[in-house]
Amino acid sequence: MKILAIFLVVSLSATDINKIARINKAKRAGQEAYKNGNMEAAISSFRLLTDSLGVDEDPVLLNLANAYFQQKDTTNAAEYYARVLTSEDGDLRSLAYQQMGVINQQQNKLENALSDFKNALKSNPQNADARYNYELLKKTMKEQEEQQKDENKDDDIKPSEYAKKLKAQADQLVAQNMFDKASSLMQKGLQEDKTVAAYNAFISKLNDVVESKQ
């Protein structure tokens with residue numbers, strides 16, 4: 001996540017030269033601290049700009065949000081990202097939406113995250129990171145939906161007594177970390193009794209564990 005270079009345009013009506021100097025100094029200090037990985041100092045400088053010097057510029061707000069995000073302070077990060085969502089600058093607006101999407105995804109608010117990534121792309125179609133996040137999350141949500149459908153189908157299957165006993169044996173093998181034997185047992189049971197499919201979700205997890213160990 002890059003720090004944004006901030007430039008101050010001084011109008012002819014500017015009268016407080018001292019204040020302008022303080023603003024420029026704080027911007028430079030915040031940018032330098034961010035580049036050096038000193039997020040506490042960066043936050044301090046950017047908060048000086050927003051809280052004491054009355055700076056309400058989108059690049060400053062985005063930099064402050066990024067610094068909070070790097071500190072894993074998603075509450076404050078989201079607050080300042082939200083203030084950039086109405087920016088007239090499409091690139092800045094896109095970056096803010098992208099990061100809001102990341103935060104929502106981390107908090108498992110997947111629908112909100114997908115919407116944020118979509119808005120990031122609307123604001124700037126060239127935002128490659130937002131496009132990647134959008135496509136990946138969309139794929140993940142589709143896979144989760146299909147898995148949920150499969151699990152719901154499994155719930156409709158009533159396991160026979162044989163299937164229940166087989167599952168109990170597999171649970172004992174799992175408790176002994178014998179995942180491969182538990183998987184083989186359940187796979188063999190599927191061939192002998194269709195109602196073993198009631199435990200398809202369990203079988204799928206077993207297969208994932210076995211494959212990860214190969």
# chains A, B, ... in the order shown; residues from 1 in each chain; ligands from 1
call {"tool": "residues_around", "arguments": {"residues": "Ser87 in chain A", "least_positions_apart": "6", "cutoff": "12 Å", "atoms": "only C-alpha atoms", "output": "MDAnalysis selection string"}}
result
chainID A and resid 56:59 61:62 80:81 93:97 123
call {"tool": "residues_around", "arguments": {"residues": "range 157-170 of chain A", "least_positions_apart": "5", "cutoff": "10 Å", "atoms": "only C-alpha atoms", "output": "ChimeraX atom specification"}}
result
/A:152,175-176,178-186,188-190,192-199,202-203,206
call {"tool": "closest_residue", "arguments": {"among": "A:Leu85, A:Ala41, A:Leu114, A:Gln147", "to": "Arg131 in chain A", "atoms": "only C-alpha atoms"}}
result
A:Leu114
call {"tool": "select_by_dssp", "arguments": {"residues": "range 7-205 of chain A", "states": "helix (DSSP H, G or I)", "output": "VMD selection string"}}
result
chain A and resid 17 to 35 39 to 52 58 to 70 74 to 82 90 to 106 110 to 123 128 to 155 161 to 175 179 to 192 194 to 205
call {"tool": "residues_around", "arguments": {"residues": "Val60 in chain A", "least_positions_apart": "2", "cutoff": "12 Å", "atoms": "only C-alpha atoms", "output": "PyMOL selection string"}}
result
chain A and resi 3-8+23-24+26-28+30-31+42-43+45-51+53-58+62-67+80-81+83-84+92
call {"tool": "atom_distance", "arguments": {"atom1": "CA of Tyr68 in chain A", "atom2": "CA of Glu32 in chain A"}}
result
15.5 Å
